[in-house]
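Novice: Sharing a structure, written as structure tokens. Questions coming.
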Amino acid sequence: MTLERNHPTPAGMPDRHLQAMVLHREIAACTVCAPYLPLGPRPITQFSATSRILIIGQAPGSRVHASGVPWQDDSGERLREWTGLDPDVFYDPAKVALVPMGFCYPGKGAAGDAPPRPECAPLWHAPILELLPADRLTLLVGSYAQARYLPGDAGATLTERVRGFARFAPATFPTPHPSWRSVGWRNRNPWFDTELLPALRAAIRSRLAGA
């Protein structure tokens with residue numbers, strides 16, 4: 001698949017915005033993983049050429065697959081609480097990009113959902129990231145995103161990476177995945193609430209204000 005870089009630009013539309021429209025269309029039509037998806041392909045993502053907050057998660061669950069709305073589940077509620085973003089801002093692609101490691105629901109695994117399909121990130125992440133503002137803030141939500149984008153920390157545990165967030169801030173913040181399992185993890189790691197979340201929310205406010 002190739003981007004239609006030479007597509008004629010409608011009058012008044014900046015080229016980067018057109019590229020985002022074309023890329024959305026190509027992602028929506030993607031069937032690369034179709035043979036491996038029990039419910040079939042339904043790529044779910046959100047981004048625009050002006051998204052200054054980038055959230056890279058895992059893959060949509062069955063509820064999100066059914067609705068077509070990213071993070072419209074209990075995990076999304078926790079993530080919005082962590083970030084301090086209300087739904088109106090969270091679901092505004094002009095401000096927030098929601099780019100999972102796998103764009104389609106991967107089905108059930110041995111314990112919970114299966115891992116994100118490995119084809120998605122190599123195929124689609126680079127062209128999306130090329131469109132986003134260079135001064136964006138990136139949240140790496142869960143171990144799959146951190147393994148790809150924090151390769152120097154490959155030997156660290158998720159808790160060690162998240163506890164060391166100051167090494168990556170303020171441009172990048174690693175967090176656990178906000179599944180039900182994160183409730184107990186959060187109780188065992190009170191520094192997440194007292195240290196990381198205030199820094200994360202401040203960085204988000206700064207990006208949204210254009211600083």
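Ligands are numbered from 1 in the order shown, chains are lettered A, B, ... in the order of the structure tokens, and residues start at 1 in each chain.
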Skip region 97-102 of chain A itself and residues of its chain fewer than 3 positions away, then list as a list in words all residues within 7 Å of it, counting only C-alpha atoms.
Specialist: Thr45, Gln46, Phe47, Ser48, Ser51, Ile53, Leu54, Ile55, Ile56, Gly57, Gln58, Ala59, Pro93, Pro116, Arg117, Cys120, Ala121 and Ala145 of chain A
Novice: Could you pull the residues within 9 Å of region 27-35 of chain A, counting only C-alpha atoms, minus those fewer than 3 positions along the same chain, as a CSV table (one decimal) with N, CA and C atoms, in the first residue's frame?
Specialist:
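Final output, saved to out_22.csv:
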```csv
chain,number,residue,atom,x,y,z
A,1,MET,N,0.8,-1.2,0.0
A,1,MET,CA,0.0,0.0,0.0
A,1,MET,C,0.9,1.2,0.0
A,22,VAL,N,-6.2,11.0,3.3
A,22,VAL,CA,-5.9,9.9,2.4
A,22,VAL,C,-5.4,8.7,3.3
A,23,LEU,N,-4.6,9.0,4.3
A,23,LEU,CA,-4.1,7.9,5.2
A,23,LEU,C,-5.2,7.2,6.0
A,24,HIS,N,-6.1,8.0,6.5
A,24,HIS,CA,-7.3,7.5,7.1
A,24,HIS,C,-8.0,6.5,6.2
A,38,PRO,N,-10.7,-12.9,14.2
A,38,PRO,CA,-11.9,-13.7,14.3
A,38,PRO,C,-13.2,-12.9,14.0
A,39,LEU,N,-13.2,-11.6,14.2
A,39,LEU,CA,-14.3,-10.8,13.9
A,39,LEU,C,-14.2,-10.0,12.6
A,40,GLY,N,-13.1,-10.2,11.9
A,40,GLY,CA,-12.8,-9.5,10.7
A,40,GLY,C,-12.1,-8.1,10.9
A,41,PRO,N,-11.6,-7.5,9.9
A,41,PRO,CA,-10.9,-6.2,10.1
A,41,PRO,C,-11.9,-5.1,10.3
A,42,ARG,N,-11.5,-4.3,11.3
A,42,ARG,CA,-12.2,-3.0,11.5
A,42,ARG,C,-11.2,-2.1,12.2
A,43,PRO,N,-10.3,-1.5,11.4
A,43,PRO,CA,-9.2,-0.6,11.9
A,43,PRO,C,-9.8,0.6,12.6
A,44,ILE,N,-9.3,0.8,13.8
A,44,ILE,CA,-9.9,1.9,14.7
A,44,ILE,C,-8.7,2.7,15.1
A,45,THR,N,-8.7,4.0,14.7
A,45,THR,CA,-7.7,4.9,15.1
A,45,THR,C,-8.2,6.3,15.0
A,103,PHE,N,-4.5,-2.1,15.0
A,103,PHE,CA,-5.7,-1.3,14.8
A,103,PHE,C,-7.0,-2.1,14.9
A,104,CYS,N,-6.9,-3.4,14.8
A,104,CYS,CA,-8.1,-4.2,14.8
A,104,CYS,C,-8.2,-5.1,16.1
A,117,ARG,N,-1.8,-7.5,16.6
A,117,ARG,CA,-1.2,-8.1,15.4
A,117,ARG,C,0.1,-7.4,15.1
A,119,GLU,N,1.7,-6.9,12.4
A,119,GLU,CA,1.8,-6.2,11.1
A,119,GLU,C,1.5,-4.7,11.1
A,120,CYS,N,0.6,-4.3,12.1
A,120,CYS,CA,0.1,-2.9,12.0
A,120,CYS,C,1.2,-1.8,12.2
A,124,TRP,N,1.9,1.1,9.5
A,124,TRP,CA,1.1,2.3,9.5
A,124,TRP,C,1.7,3.4,10.4
```
Novice: Would you mind writing down, as a PyMOL selection string, each residue of region 18-89 of chain A that DSSP on the backbone assigns to alpha helix (DSSP H)?
Specialist: chain A and resi 18-28+62-67+74-83+87-89
Novice: Please, which residues of region 5-210 of chain A, numbered as in this document, come out strand (DSSP E) from DSSP, as a list of chain:residue names?
Specialist: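 Residues of region 5-210 of chain A classed as strand (DSSP E): A:Ile53, A:Leu54, A:Ile55, A:Ile56, A:Val96, A:Ala97, A:Leu98, A:Leu137, A:Thr138, A:Leu139, A:Leu140, A:Val141, A:Thr172, A:Phe173, A:Pro174, A:Thr175.
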Novice: Please save C-alpha atoms of the selected residues as a compact mmCIF listing (two decimals), in the first residue's frame.
Specialist:
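Output file again_5.txt follows:
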```
# COMPACT_ATOMS: atom_id res chain seq x y z
CA ILE A 53 -1.05 14.55 22.09
CA LEU A 54 -0.25 11.05 20.82
CA ILE A 55 -1.51 8.02 22.76
CA ILE A 56 -0.09 4.69 21.59
CA VAL A 96 -5.38 13.99 20.35
CA ALA A 97 -4.13 11.10 18.19
CA LEU A 98 -5.14 7.59 19.30
CA LEU A 137 3.66 14.61 23.65
CA THR A 138 3.61 10.81 23.43
CA LEU A 139 2.02 8.41 25.92
CA LEU A 140 3.25 4.83 25.61
CA VAL A 141 0.42 2.86 27.18
CA THR A 172 7.27 10.90 26.44
CA PHE A 173 5.48 9.19 29.30
CA PRO A 174 5.28 5.39 29.73
CA THR A 175 2.26 4.13 31.63
```
Novice: Write out as a list in words which residues come within 12 Å of Ala154 (chain A) when counting only C-alpha atoms, dropping same-chain ones fewer than 5 positions away.
Specialist: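 Everything that qualifies: Ser143, Tyr144, Ala145, Gln146, Ala147, Arg148, Tyr149, Glu160 and Arg161 of chain A.
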Novice: Write a file of the just-selected residues containing C-alpha atoms, as a PDB file, in the first residue's frame.
Specialist:
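Contents of again-v6.pdb, freshly written:
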```pdb
ATOM      1  CA  SER A 143       4.318  -2.991  27.356  1.00  0.00           C
ATOM      2  CA  TYR A 144       3.796  -3.440  23.600  1.00  0.00           C
ATOM      3  CA  ALA A 145       4.107   0.282  22.872  1.00  0.00           C
ATOM      4  CA  GLN A 146       7.060   0.601  25.226  1.00  0.00           C
ATOM      5  CA  ALA A 147       8.887  -2.344  23.674  1.00  0.00           C
ATOM      6  CA  ARG A 148       8.707  -0.670  20.262  1.00  0.00           C
ATOM      7  CA  TYR A 149       9.434   2.922  21.239  1.00  0.00           C
ATOM      8  CA  GLU A 160      10.737  -0.038  36.173  1.00  0.00           C
ATOM      9  CA  ARG A 161      10.077   1.837  32.928  1.00  0.00           C
TER      10      ARG A 161
END
```
Novice: Restricting the calculation to only C-alpha atoms, which member of A:Ala20, A:Gly142, A:Phe192, A:Trp71 is positioned closest to Pro115 (chain A)?
Specialist: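 Ranking A:Ala20, A:Gly142, A:Phe192, A:Trp71 by distance to Pro115 (chain A), first place goes to A:Gly142.
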Novice: Determine, counting only C-alpha atoms, which protein, DNA and RNA residues have an atom within 10 Å of an atom of Arg78 (chain A); residues of the same chain fewer than 5 positions away are not included. Present the result as a list in words.
Specialist: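 Once the nearby chain positions are removed, what remains is Trp71, Asp73, Thr83, Gly84, His177, Pro178, Ser179, Trp180, Ser182 and Val183 of chain A.
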Novice: So that I have them on file, write out the residues from the current selection with C-alpha atoms, as a PDB file, in the first residue's frame.
Specialist:
```pdb
ATOM      1  CA  TRP A  71     -11.064   3.593  24.143  1.00  0.00           C
ATOM      2  CA  ASP A  73     -14.653   1.030  27.505  1.00  0.00           C
ATOM      3  CA  THR A  83      -4.664  12.123  31.728  1.00  0.00           C
ATOM      4  CA  GLY A  84      -7.262  14.603  32.968  1.00  0.00           C
ATOM      5  CA  HIS A 177      -2.260  -0.317  30.285  1.00  0.00           C
ATOM      6  CA  PRO A 178      -5.372   0.922  32.137  1.00  0.00           C
ATOM      7  CA  SER A 179      -7.096  -2.476  32.263  1.00  0.00           C
ATOM      8  CA  TRP A 180      -8.732  -3.751  35.445  1.00  0.00           C
ATOM      9  CA  SER A 182      -3.944  -1.649  36.724  1.00  0.00           C
ATOM     10  CA  VAL A 183      -6.170  -0.988  39.756  1.00  0.00           C
TER      11      VAL A 183
END
```
Novice: Could you please determine the separation between CA of Arg52 (chain A) and CA of Ala209 (chain A) in Å, to one decimal place?
Specialist: 10.0 Å
Novice: I'd like the interatomic distance between CA of Pro170 (chain A) and CA of Ala134 (chain A), to a tenth of an Å.
Specialist: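 Between CA of Pro170 (chain A) and CA of Ala134 (chain A) the gap works out to 13.5 Å.
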